[in-house]
$ cat my_file02.cif   # mmCIF, C-alpha atoms
data_coords
#
loop_
_atom_site.label_atom_id
_atom_site.label_comp_id
_atom_site.auth_asym_id
_atom_site.auth_seq_id
_atom_site.Cartn_x
_atom_site.Cartn_y
_atom_site.Cartn_z
CA MET R 1336 129.56 -110.23 -30.99
CA VAL R 1337 132.32 -108.26 -29.32
CA PRO R 1338 131.09 -106.39 -26.22
CA LYS R 1339 131.49 -102.63 -26.15
CA ALA R 1340 134.81 -101.68 -24.58
CA ASP R 1341 134.50 -99.83 -21.28
CA PHE R 1342 137.70 -97.88 -20.99
CA ASP R 1343 138.60 -96.41 -17.61
CA SER R 1344 142.38 -96.19 -17.74
CA TYR R 1345 145.49 -97.87 -19.14
CA TYR R 1346 145.39 -101.40 -17.65
CA GLY R 1347 143.49 -100.01 -14.66
CA ARG R 1348 146.41 -97.88 -13.54
CA PRO R 1349 145.62 -94.58 -11.73
CA VAL R 1350 145.19 -91.61 -14.08
CA LEU R 1351 146.54 -89.21 -11.47
CA ASN R 1352 149.78 -89.40 -9.58
CA GLU R 1353 148.89 -89.67 -5.91
CA PRO R 1354 149.92 -86.50 -4.05
CA THR R 1355 153.09 -87.06 -2.02
CA TRP R 1356 151.51 -85.41 1.01
CA ARG R 1357 151.70 -87.22 4.34
CA ALA R 1358 148.51 -87.45 6.41
CA ALA R 1359 150.18 -86.35 9.65
CA ASP R 1360 151.47 -83.17 7.96
CA ILE R 1361 148.64 -82.10 5.68
CA ALA R 1362 145.58 -83.41 7.54
CA GLY R 1363 147.26 -82.15 10.74
CA TYR R 1364 147.76 -78.77 9.11
CA LEU R 1365 144.08 -78.64 8.07
CA PHE R 1366 142.96 -79.44 11.63
CA LEU R 1367 145.39 -77.11 13.44
CA GLY R 1368 144.75 -74.21 11.04
CA GLY R 1369 141.01 -74.55 11.61
CA LEU R 1370 141.48 -74.74 15.38
CA ALA R 1371 143.68 -71.62 15.35
CA GLY R 1372 141.36 -69.47 13.23
CA ALA R 1373 138.14 -70.43 15.00
CA SER R 1374 139.77 -70.08 18.46
CA SER R 1375 140.80 -66.51 17.61
CA THR R 1376 137.24 -65.62 16.64
CA LEU R 1377 135.96 -67.26 19.84
CA ALA R 1378 138.60 -65.32 21.84
CA ALA R 1379 137.46 -62.02 20.30
CA ALA R 1380 133.82 -62.81 21.12
CA ALA R 1381 134.78 -63.75 24.70
CA GLU R 1382 136.91 -60.62 25.15
CA LEU R 1383 134.15 -58.32 23.90
CA THR R 1384 131.53 -59.94 26.14
CA GLY R 1385 133.62 -59.84 29.34
CA ARG R 1386 134.83 -63.44 29.66
CA PRO R 1387 138.58 -63.02 30.32
CA ARG R 1388 139.46 -66.62 31.15
CA LEU R 1389 137.77 -68.09 28.08
CA ALA R 1390 139.40 -65.35 25.98
CA ARG R 1391 142.87 -66.10 27.38
CA ALA R 1392 142.51 -69.87 26.97
CA ALA R 1393 141.33 -69.43 23.36
CA LYS R 1394 144.14 -66.97 22.55
CA VAL R 1395 146.82 -69.31 23.92
CA GLY R 1396 145.19 -72.25 22.10
CA ALA R 1397 145.10 -70.26 18.84
CA LEU R 1398 148.78 -69.36 19.10
CA GLY R 1399 149.74 -72.96 19.88
CA ALA R 1400 147.64 -74.28 16.98
CA LEU R 1401 149.13 -71.69 14.63
CA GLY R 1402 152.65 -72.78 15.66
CA GLY R 1403 151.68 -76.42 15.14
CA SER R 1404 150.14 -75.76 11.73
CA LEU R 1405 153.24 -73.85 10.61
CA TYR R 1406 155.43 -76.74 11.82
CA ALA R 1407 153.32 -79.20 9.80
CA LEU R 1408 153.35 -76.97 6.71
CA ILE R 1409 157.11 -76.40 6.84
CA HIS R 1410 157.72 -80.10 7.53
CA ASP R 1411 155.75 -80.87 4.37
CA LEU R 1412 157.51 -78.19 2.33
CA GLY R 1413 160.90 -79.51 3.46
CA ARG R 1414 162.66 -76.20 4.13
CA PRO R 1415 161.42 -73.04 5.95
CA GLU R 1416 162.72 -70.83 3.09
CA ARG R 1417 160.02 -72.25 0.84
CA PHE R 1418 157.36 -70.56 2.98
CA VAL R 1419 159.24 -67.24 2.76
CA ASN R 1420 159.65 -67.69 -1.00
CA MET R 1421 155.88 -67.88 -1.38
CA LEU R 1422 155.69 -64.28 -0.11
CA ARG R 1423 157.43 -63.01 -3.25
CA VAL R 1424 154.13 -62.84 -5.10
CA PHE R 1425 150.47 -62.20 -4.34
CA LYS R 1426 148.21 -64.03 -6.77
CA VAL R 1427 144.47 -63.76 -6.15
CA THR R 1428 143.69 -66.83 -8.28
CA SER R 1429 146.05 -69.06 -6.24
CA PRO R 1430 144.63 -70.32 -2.92
CA MET R 1431 148.18 -71.21 -1.84
CA SER R 1432 149.43 -67.65 -2.38
CA VAL R 1433 146.37 -66.08 -0.73
CA GLY R 1434 146.65 -68.56 2.14
CA THR R 1435 150.30 -67.71 2.73
CA TRP R 1436 149.42 -64.03 2.99
CA ILE R 1437 146.44 -64.74 5.26
CA LEU R 1438 148.73 -66.68 7.62
CA THR R 1439 151.31 -63.87 7.50
CA ALA R 1440 148.68 -61.28 8.42
CA TYR R 1441 147.13 -63.49 11.08
CA GLY R 1442 150.30 -64.68 12.86
CA PRO R 1443 151.41 -61.38 14.46
CA HIS R 1444 147.85 -60.61 15.58
CA ALA R 1445 147.44 -64.03 17.20
CA GLY R 1446 150.90 -63.78 18.80
CA ALA R 1447 150.30 -60.29 20.21
CA ALA R 1448 146.83 -61.26 21.46
CA ALA R 1449 148.19 -64.30 23.35
CA ALA R 1450 151.26 -62.50 24.72
CA THR R 1451 149.30 -59.51 26.04
CA GLY R 1452 146.55 -61.80 27.32
CA VAL R 1453 148.98 -63.84 29.44
CA THR R 1454 151.19 -60.99 30.66
CA GLY R 1455 148.52 -58.33 31.01
CA LEU R 1456 150.85 -55.76 29.45
CA PHE R 1457 149.52 -53.23 26.91
CA PRO R 1458 145.80 -54.06 27.29
CA GLY R 1459 144.77 -51.65 24.49
CA LEU R 1460 147.16 -53.23 22.01
CA GLY R 1461 146.04 -56.66 23.18
CA ARG R 1462 142.39 -55.87 22.56
CA ALA R 1463 143.15 -54.51 19.08
CA ALA R 1464 145.23 -57.61 18.25
CA THR R 1465 142.49 -59.89 19.59
CA VAL R 1466 139.86 -58.23 17.40
CA GLY R 1467 142.25 -58.29 14.40
CA ALA R 1468 142.96 -62.01 14.85
CA GLY R 1469 139.23 -62.63 15.34
CA VAL R 1470 138.44 -60.91 12.03
CA VAL R 1471 141.12 -62.82 10.05
CA GLY R 1472 140.31 -66.08 11.93
CA PRO R 1473 137.45 -67.30 9.68
CA ALA R 1474 139.68 -66.90 6.61
CA VAL R 1475 142.44 -68.93 8.31
CA ALA R 1476 139.90 -71.63 9.21
CA THR R 1477 138.39 -71.99 5.72
CA TYR R 1478 141.05 -71.10 3.12
CA THR R 1479 142.43 -74.63 3.42
CA ALA R 1480 139.15 -75.87 1.92
CA ALA R 1481 139.78 -73.76 -1.20
CA LEU R 1482 143.38 -75.00 -1.15
CA ILE R 1483 142.49 -78.69 -1.41
CA CYS R 1484 139.47 -78.15 -3.72
CA ASP R 1485 141.78 -76.42 -6.22
CA THR R 1486 143.70 -79.69 -6.78
CA ALA R 1487 142.94 -82.44 -9.33
CA VAL R 1488 142.05 -84.94 -6.57
CA PRO R 1489 138.51 -85.95 -7.65
CA VAL R 1490 136.64 -86.04 -4.33
CA TRP R 1491 138.10 -82.73 -3.14
CA HIS R 1492 137.73 -81.02 -6.50
CA GLU R 1493 134.08 -81.98 -6.97
CA ALA R 1494 133.17 -81.15 -3.34
CA TYR R 1495 134.12 -77.49 -3.72
CA ARG R 1496 130.60 -76.27 -2.83
CA GLU R 1497 130.32 -77.94 0.57
CA MET R 1498 133.97 -78.17 1.64
CA PRO R 1499 134.28 -74.59 3.06
CA PHE R 1500 131.13 -75.14 5.16
CA LEU R 1501 132.41 -78.50 6.38
CA PHE R 1502 135.76 -76.95 7.31
CA ALA R 1503 134.10 -73.95 8.99
CA GLY R 1504 131.82 -76.23 11.02
CA SER R 1505 134.66 -78.56 11.98
CA ALA R 1506 136.85 -75.60 13.00
CA ALA R 1507 134.08 -74.05 15.14
CA ALA R 1508 133.44 -77.42 16.80
CA SER R 1509 137.13 -77.86 17.65
CA ALA R 1510 137.47 -74.30 19.00
CA GLY R 1511 134.33 -74.82 21.08
CA GLY R 1512 135.85 -78.07 22.32
CA LEU R 1513 139.06 -76.36 23.38
CA GLY R 1514 137.02 -73.67 25.15
CA LEU R 1515 134.99 -76.31 27.01
CA LEU R 1516 138.20 -78.10 27.97
CA ALA R 1517 140.05 -75.04 29.25
CA ALA R 1518 137.60 -72.38 30.45
CA PRO R 1519 135.61 -72.41 33.71
CA LEU R 1520 131.92 -73.38 33.44
CA SER R 1521 130.75 -69.85 34.21
CA GLU R 1522 132.47 -68.48 31.10
CA ALA R 1523 132.08 -71.40 28.70
CA GLY R 1524 128.71 -70.34 27.21
CA PRO R 1525 130.07 -69.10 23.83
CA ALA R 1526 132.24 -72.24 23.54
CA ARG R 1527 129.17 -74.46 24.05
CA ARG R 1528 127.21 -72.55 21.40
CA ALA R 1529 130.13 -72.59 18.94
CA ALA R 1530 130.50 -76.36 19.44
CA LEU R 1531 126.79 -77.03 18.86
CA ALA R 1532 126.54 -74.82 15.76
CA GLY R 1533 129.85 -76.13 14.40
CA ALA R 1534 128.96 -79.81 14.83
CA ALA R 1535 125.53 -79.25 13.20
CA VAL R 1536 127.07 -77.44 10.19
CA GLU R 1537 129.81 -80.07 9.86
CA VAL R 1538 127.37 -82.99 9.81
CA ALA R 1539 124.91 -81.22 7.46
CA ALA R 1540 127.67 -80.23 5.00
CA ALA R 1541 129.09 -83.77 4.99
CA ALA R 1542 125.63 -85.27 4.33
CA ARG R 1543 124.94 -82.84 1.48
CA MET R 1544 128.38 -83.47 0.00
CA GLU R 1545 127.83 -87.24 -0.03
CA ARG R 1546 124.38 -86.84 -1.60
CA ARG R 1547 125.47 -84.42 -4.33
CA LEU R 1548 128.63 -86.27 -5.38
CA GLY R 1549 126.69 -89.48 -6.16
CA PRO R 1550 128.99 -92.39 -7.12
CA LEU R 1551 132.06 -90.22 -6.50
CA ALA R 1552 131.15 -90.08 -2.79
CA GLU R 1553 132.00 -93.78 -2.42
CA PRO R 1554 135.35 -93.15 -0.61
CA LEU R 1555 133.62 -90.66 1.70
CA LYS R 1556 130.83 -93.10 2.55
CA ARG R 1557 133.34 -95.89 3.17
CA SER R 1558 135.48 -93.77 5.49
CA GLY R 1559 135.30 -94.99 9.07
CA LEU R 1560 137.21 -91.90 10.21
CA LEU R 1561 134.51 -89.59 8.83
CA ARG R 1562 131.74 -91.55 10.58
CA LEU R 1563 133.72 -91.55 13.84
CA GLY R 1564 134.36 -87.81 13.46
CA GLU R 1565 130.67 -87.04 13.01
CA ALA R 1566 129.69 -89.23 15.96
CA LEU R 1567 132.31 -87.69 18.27
CA SER R 1568 131.44 -84.12 17.23
CA LEU R 1569 127.69 -84.60 17.74
CA ALA R 1570 128.15 -86.48 21.03
CA GLY R 1571 130.63 -83.89 22.31
CA ALA R 1572 128.44 -80.93 21.35
CA LEU R 1573 125.32 -82.45 22.92
CA ALA R 1574 127.18 -83.49 26.09
CA GLY R 1575 128.72 -80.02 26.36
CA ALA R 1576 125.31 -78.37 26.03
CA THR R 1577 123.64 -80.61 28.63
CA VAL R 1578 125.76 -82.24 31.37
CA GLY R 1579 128.71 -80.00 30.47
CA ARG R 1580 126.83 -77.01 31.91
CA ARG R 1581 126.95 -78.44 35.45
CA SER R 1582 130.01 -80.67 35.61
CA ARG R 1583 133.58 -79.53 34.89
CA VAL R 1584 134.69 -83.11 34.23
CA ALA R 1585 131.83 -83.65 31.75
CA ALA R 1586 132.68 -80.36 30.00
CA MET R 1587 136.31 -81.44 29.66
CA ALA R 1588 135.30 -84.86 28.30
CA ALA R 1589 132.93 -83.17 25.81
CA GLY R 1590 135.72 -80.81 24.76
CA ALA R 1591 138.13 -83.70 24.20
CA ALA R 1592 135.47 -85.53 22.12
CA LEU R 1593 134.91 -82.42 19.97
CA LEU R 1594 138.64 -82.00 19.34
CA ALA R 1595 139.03 -85.69 18.46
CA GLY R 1596 135.93 -85.54 16.22
CA SER R 1597 137.25 -82.57 14.26
CA ALA R 1598 140.65 -84.24 13.82
CA CYS R 1599 138.97 -87.47 12.60
CA THR R 1600 136.93 -85.46 10.07
CA ARG R 1601 140.05 -83.80 8.61
CA PHE R 1602 141.99 -87.07 8.46
CA GLY R 1603 138.93 -88.77 6.91
CA ILE R 1604 138.60 -86.11 4.20
CA PHE R 1605 142.33 -86.44 3.48
CA GLN R 1606 142.16 -90.24 3.29
CA ALA R 1607 139.06 -90.21 1.03
CA GLY R 1608 140.83 -87.80 -1.33
CA MET R 1609 143.88 -90.07 -1.59
CA GLU R 1610 141.64 -93.07 -2.24
CA SER R 1611 139.80 -91.25 -5.03
CA ALA R 1612 143.10 -90.20 -6.66
CA ASN R 1613 144.22 -93.84 -6.77
CA ASP R 1614 141.03 -95.15 -8.41
CA PRO R 1615 140.89 -94.26 -12.14
CA LYS R 1616 137.10 -94.49 -12.28
CA HIS R 1617 136.81 -91.51 -9.91
CA THR R 1618 138.89 -89.44 -12.35
CA VAL R 1619 137.38 -90.63 -15.63
CA GLN R 1620 133.67 -90.88 -14.78
CA PRO R 1621 133.17 -87.24 -13.62
CA GLN R 1622 134.99 -86.09 -16.78
CA ARG R 1623 132.64 -88.18 -18.92
CA ARG R 1624 129.61 -86.81 -17.12
CA ARG R 1625 130.84 -83.24 -17.69
CA LEU R 1626 131.45 -83.99 -21.40
CA ALA R 1627 127.99 -85.55 -21.79
CA ARG R 1628 126.37 -82.57 -20.07
CA ALA R 1629 128.23 -80.12 -22.30
CA ARG R 1630 127.24 -82.13 -25.40
CA ALA R 1631 123.58 -82.18 -24.32
CA GLU R 1632 123.59 -78.43 -23.72
CA ARG R 1633 125.19 -77.85 -27.12
CA ASP R 1634 122.57 -80.03 -28.81
CA LEU R 1635 119.78 -78.05 -27.16
CA THR R 1636 121.02 -74.71 -28.47
CA MET F 1306 153.07 -100.29 11.86
CA LYS F 1307 155.61 -98.92 14.34
CA HIS F 1308 156.82 -96.48 11.70
CA LYS F 1309 153.21 -95.34 11.11
CA VAL F 1310 152.69 -94.69 14.84
CA LEU F 1311 155.95 -92.72 15.02
CA GLU F 1312 154.78 -90.58 12.08
CA TYR F 1313 151.74 -89.40 14.06
CA LEU F 1314 153.59 -88.77 17.35
CA PRO F 1315 154.52 -85.11 16.62
CA PHE F 1316 150.89 -84.31 15.75
CA VAL F 1317 149.58 -85.93 18.94
CA GLY F 1318 152.30 -84.15 20.96
CA ILE F 1319 151.38 -80.77 19.47
CA VAL F 1320 147.66 -81.26 20.23
CA LEU F 1321 148.41 -82.33 23.83
CA ALA F 1322 150.72 -79.32 24.30
CA ILE F 1323 148.03 -76.95 22.96
CA CYS F 1324 145.39 -78.43 25.30
CA THR F 1325 147.72 -78.19 28.32
CA ALA F 1326 148.80 -74.61 27.60
CA SER F 1327 145.21 -73.55 26.99
CA TRP F 1328 144.02 -75.29 30.17
CA VAL F 1329 146.73 -73.56 32.25
CA ALA F 1330 145.81 -70.20 30.69
CA GLY F 1331 142.15 -70.80 31.54
CA ARG F 1332 143.05 -71.58 35.18
CA MET F 1333 145.00 -68.35 35.69
CA PRO F 1334 142.98 -65.86 37.74
CA ALA F 1335 141.86 -62.77 35.83
CA GLU F 1336 143.86 -60.50 38.09
CA GLY F 1337 146.81 -62.88 38.37
CA ARG F 1338 148.76 -61.58 35.42
CA ALA F 1339 152.22 -61.80 36.86
CA PHE F 1340 154.11 -59.30 34.74
CA ALA F 1341 151.48 -56.61 34.73
CA ALA F 1342 150.93 -56.90 38.46
CA GLY F 1343 154.65 -56.41 38.99
CA LEU F 1344 154.66 -53.29 36.86
CA GLY F 1345 151.43 -51.93 38.33
CA ARG F 1346 149.63 -52.15 34.97
CA THR F 1347 146.56 -54.23 35.83
CA ALA F 1348 143.63 -54.01 33.46
CA GLY F 1349 141.21 -52.98 36.24
CA PRO F 1350 140.66 -49.47 37.65
CA ARG F 1351 143.73 -47.91 39.22
CA ARG F 1352 143.66 -47.06 42.92
CA ARG F 1353 144.92 -43.71 43.90
CA THR F 1354 146.91 -43.06 47.02
CA ILE F 1355 145.61 -40.08 48.91
CA SER F 1356 148.63 -38.20 50.12
CA ARG F 1357 148.64 -35.46 52.66
#

$ encode --input "my_file02.cif" --output "C-alpha cells"
Amino acid sequence: MVPKADFDSYYGRPVLNEPTWRAADIAGYLFLGGLAGASSTLAAAAELTGRPRLARAAKVGALGALGGSLYALIHDLGRPERFVNMLRVFKVTSPMSVGTWILTAYGPHAGAAAATGVTGLFPGLGRAATVGAGVVGPAVATYTAALICDTAVPVWHEAYREMPFLFAGSAAASAGGLGLLAAPLSEAGPARRAALAGAAVEVAAAARMERRLGPLAEPLKRSGLLRLGEALSLAGALAGATVGRRSRVAAMAAGAALLAGSACTRFGIFQAGMESANDPKHTVQPQRRRLARARAERDLT
Amino acid sequence: MKHKVLEYLPFVGIVLAICTASWVAGRMPAEGRAFAAGLGRTAGPRRRTISR
C-alpha cells in the first residue's frame, strides 16, 4: 500500500523568499527605535517630576538612538531619498507609511528637546518639545512590531498579538537601562521602575507568544539569543532595583545588562523570523490549520 | 567570520556613542548649562540687581 503523501513544499525548498534584510541593520533599527521612543517618554516623566539630570541623559540618549535608527534604516534602504519618497503618501493600512510619518513627527521634537536640554536655551520650548516627544515616544517604540508582523514571515506574522507588548517591554527595559547607566542614583527612580516593568512585560509576552504559537514557536524556543536576552533583562532589572539603589557601579552594570538584554531580544526575534521563513513547514502548516478551521466552521453553520 | 564581525561594528559603535553621550549629559550639573549661563538665561529664578 502506498503511504499517504505528506506535501510540505517542492522538494523541501522554502516557500518564501528569505527577506534580504541584514540583522545589523533591521534588528539594530528595531532596538534603537525602541530605545529612542521609550527614552523620550522617560525624559518627559523625569522632566515633569523635577529630575533634570535623568531627563537630560534620556533626551540625549533618545536623540542619539533616533540618529542611529535612521542610519540603520537608510543603510538598509540603500539611498536616503527612499526615506523622503515614502513621505509622498500617507496610508493608514501600511505600517511602513504610518511609521515613516511617526518618525518624521517625532524627530524634530526629540532634537529640540535634547538641544534645549543641553544648552539651557528656550526652556519653555524645550519643555513643550520634551512632552511632545514623550507623547509620540510609545508609537515610535512599538510601530516596528506592526511593521514586522505585517510581513509574510511566519513567526512574526502569527505573533501579531504579543509582539507589540514584547517590543514595548523591551523598549522600556532598554530606556530604564540607559537611565540607570547615565543618571545619578538620587534621580534614577523612574528608570529603575521602567526597567522592572519593562523586563516583566517582555518576559511575560515572550512566554505567552511561545505558548500560543505551538509548533510554530520552535525557532523562538531554540533561540539562544532570546534566552540570553530574557536572562540579562531580568538580572539587570532586579540588580538595578536592589543593589543599584546604593551603588553607582552596580547601577551602571545593571543598566548595561538591560541594554544588552534588549538588543539580544531584538536580534533573537529577527533571527527566529529568518529561520521560520527558510523552513517550508512553518509556512505550510499554519495555512493548513487555518483552512481546516475555516472548513470546520463552515460545516457547523 | 571576520566579515560578520565587521558587519556589526557600526551598530556596536552607535550604541557605545549613545551610552557615552548620555552619561556625559547625566554628569553635567543642572545649573551648568554653558550657553544659557553665558546669555543669562538660566532656568532658575532670576536675581535682580538693586540699583540706587

$ interface_residues --input "my_file02.cif" --of "chain R" --to "chain F" --cutoff "7 Å" --atoms "all atoms listed in the file" --output "mmCIF file with C-alpha atoms, in the coordinates of the input"
data_model
loop_
_atom_site.group_PDB
_atom_site.id
_atom_site.type_symbol
_atom_site.label_atom_id
_atom_site.label_comp_id
_atom_site.auth_asym_id
_atom_site.auth_seq_id
_atom_site.Cartn_x
_atom_site.Cartn_y
_atom_site.Cartn_z
ATOM 1 C CA ALA R 1359 150.180 -86.350 9.650
ATOM 2 C CA GLY R 1363 147.260 -82.150 10.740
ATOM 3 C CA PRO R 1387 138.580 -63.020 30.320
ATOM 4 C CA ARG R 1388 139.460 -66.620 31.150
ATOM 5 C CA LEU R 1389 137.770 -68.090 28.080
ATOM 6 C CA ARG R 1391 142.870 -66.100 27.380
ATOM 7 C CA ALA R 1392 142.510 -69.870 26.970
ATOM 8 C CA ALA R 1393 141.330 -69.430 23.360
ATOM 9 C CA VAL R 1395 146.820 -69.310 23.920
ATOM 10 C CA GLY R 1396 145.190 -72.250 22.100
ATOM 11 C CA GLY R 1399 149.740 -72.960 19.880
ATOM 12 C CA ALA R 1400 147.640 -74.280 16.980
ATOM 13 C CA GLY R 1403 151.680 -76.420 15.140
ATOM 14 C CA VAL R 1453 148.980 -63.840 29.440
ATOM 15 C CA THR R 1454 151.190 -60.990 30.660
ATOM 16 C CA GLY R 1455 148.520 -58.330 31.010
ATOM 17 C CA LEU R 1456 150.850 -55.760 29.450
ATOM 18 C CA PRO R 1458 145.800 -54.060 27.290
ATOM 19 C CA LEU R 1513 139.060 -76.360 23.380
ATOM 20 C CA LEU R 1516 138.200 -78.100 27.970
ATOM 21 C CA ALA R 1517 140.050 -75.040 29.250
ATOM 22 C CA ALA R 1518 137.600 -72.380 30.450
#

$ resolve_selection --input "my_file02.cif" --expression "the PyMOL selection byres ((chain R and resi 1417-1427) around 12)" --output "PyMOL selection string"
chain R and resi 1405-1416+1428-1440

$ write_last_selection --input "my_file02.cif" --atoms "C-alpha atoms" --output "PDB file, in the coordinates of the input"
ATOM      1  CA  LEU R1405     153.240 -73.850  10.610  1.00  0.00           C
ATOM      2  CA  TYR R1406     155.430 -76.740  11.820  1.00  0.00           C
ATOM      3  CA  ALA R1407     153.320 -79.200   9.800  1.00  0.00           C
ATOM      4  CA  LEU R1408     153.350 -76.970   6.710  1.00  0.00           C
ATOM      5  CA  ILE R1409     157.110 -76.400   6.840  1.00  0.00           C
ATOM      6  CA  HIS R1410     157.720 -80.100   7.530  1.00  0.00           C
ATOM      7  CA  ASP R1411     155.750 -80.870   4.370  1.00  0.00           C
ATOM      8  CA  LEU R1412     157.510 -78.190   2.330  1.00  0.00           C
ATOM      9  CA  GLY R1413     160.900 -79.510   3.460  1.00  0.00           C
ATOM     10  CA  ARG R1414     162.660 -76.200   4.130  1.00  0.00           C
ATOM     11  CA  PRO R1415     161.420 -73.040   5.950  1.00  0.00           C
ATOM     12  CA  GLU R1416     162.720 -70.830   3.090  1.00  0.00           C
ATOM     13  CA  THR R1428     143.690 -66.830  -8.280  1.00  0.00           C
ATOM     14  CA  SER R1429     146.050 -69.060  -6.240  1.00  0.00           C
ATOM     15  CA  PRO R1430     144.630 -70.320  -2.920  1.00  0.00           C
ATOM     16  CA  MET R1431     148.180 -71.210  -1.840  1.00  0.00           C
ATOM     17  CA  SER R1432     149.430 -67.650  -2.380  1.00  0.00           C
ATOM     18  CA  VAL R1433     146.370 -66.080  -0.730  1.00  0.00           C
ATOM     19  CA  GLY R1434     146.650 -68.560   2.140  1.00  0.00           C
ATOM     20  CA  THR R1435     150.300 -67.710   2.730  1.00  0.00           C
ATOM     21  CA  TRP R1436     149.420 -64.030   2.990  1.00  0.00           C
ATOM     22  CA  ILE R1437     146.440 -64.740   5.260  1.00  0.00           C
ATOM     23  CA  LEU R1438     148.730 -66.680   7.620  1.00  0.00           C
ATOM     24  CA  THR R1439     151.310 -63.870   7.500  1.00  0.00           C
ATOM     25  CA  ALA R1440     148.680 -61.280   8.420  1.00  0.00           C
TER      26      ALA R1440
END

$ atom_distance --input "my_file02.cif" --atom1 "atom CA of Gly1514 of chain R" --atom2 "atom CA of Ala1532 of chain R"
14.1 Å

$ residues_near_point --input "my_file02.cif" --point "(137.7, -83.2, 3.0)" --cutoff "10 Å" --atoms "all atoms listed in the file" --output "number ranges by chain"
R: 1362, 1365, 1479-1480, 1483-1484, 1490-1492, 1494-1495, 1497-1499, 1501-1502, 1541, 1544, 1555, 1561, 1600-1608

$ atom_distance --input "my_file02.cif" --atom1 "atom CA of Gln1620 of chain R" --atom2 "atom CA of Ser1558 of chain R"
20.6 Å

$ closest_residue --input "my_file02.cif" --among "R:Ala1474, R:Leu1548, R:Ala1572, R:Ala1629" --to "His1617 of chain R" --atoms "only C-alpha atoms"
R:Leu1548

$ atom_distance --input "my_file02.cif" --atom1 "atom CA of Thr1486 of chain R" --atom2 "atom CA of Gly1469 of chain R"
28.3 Å
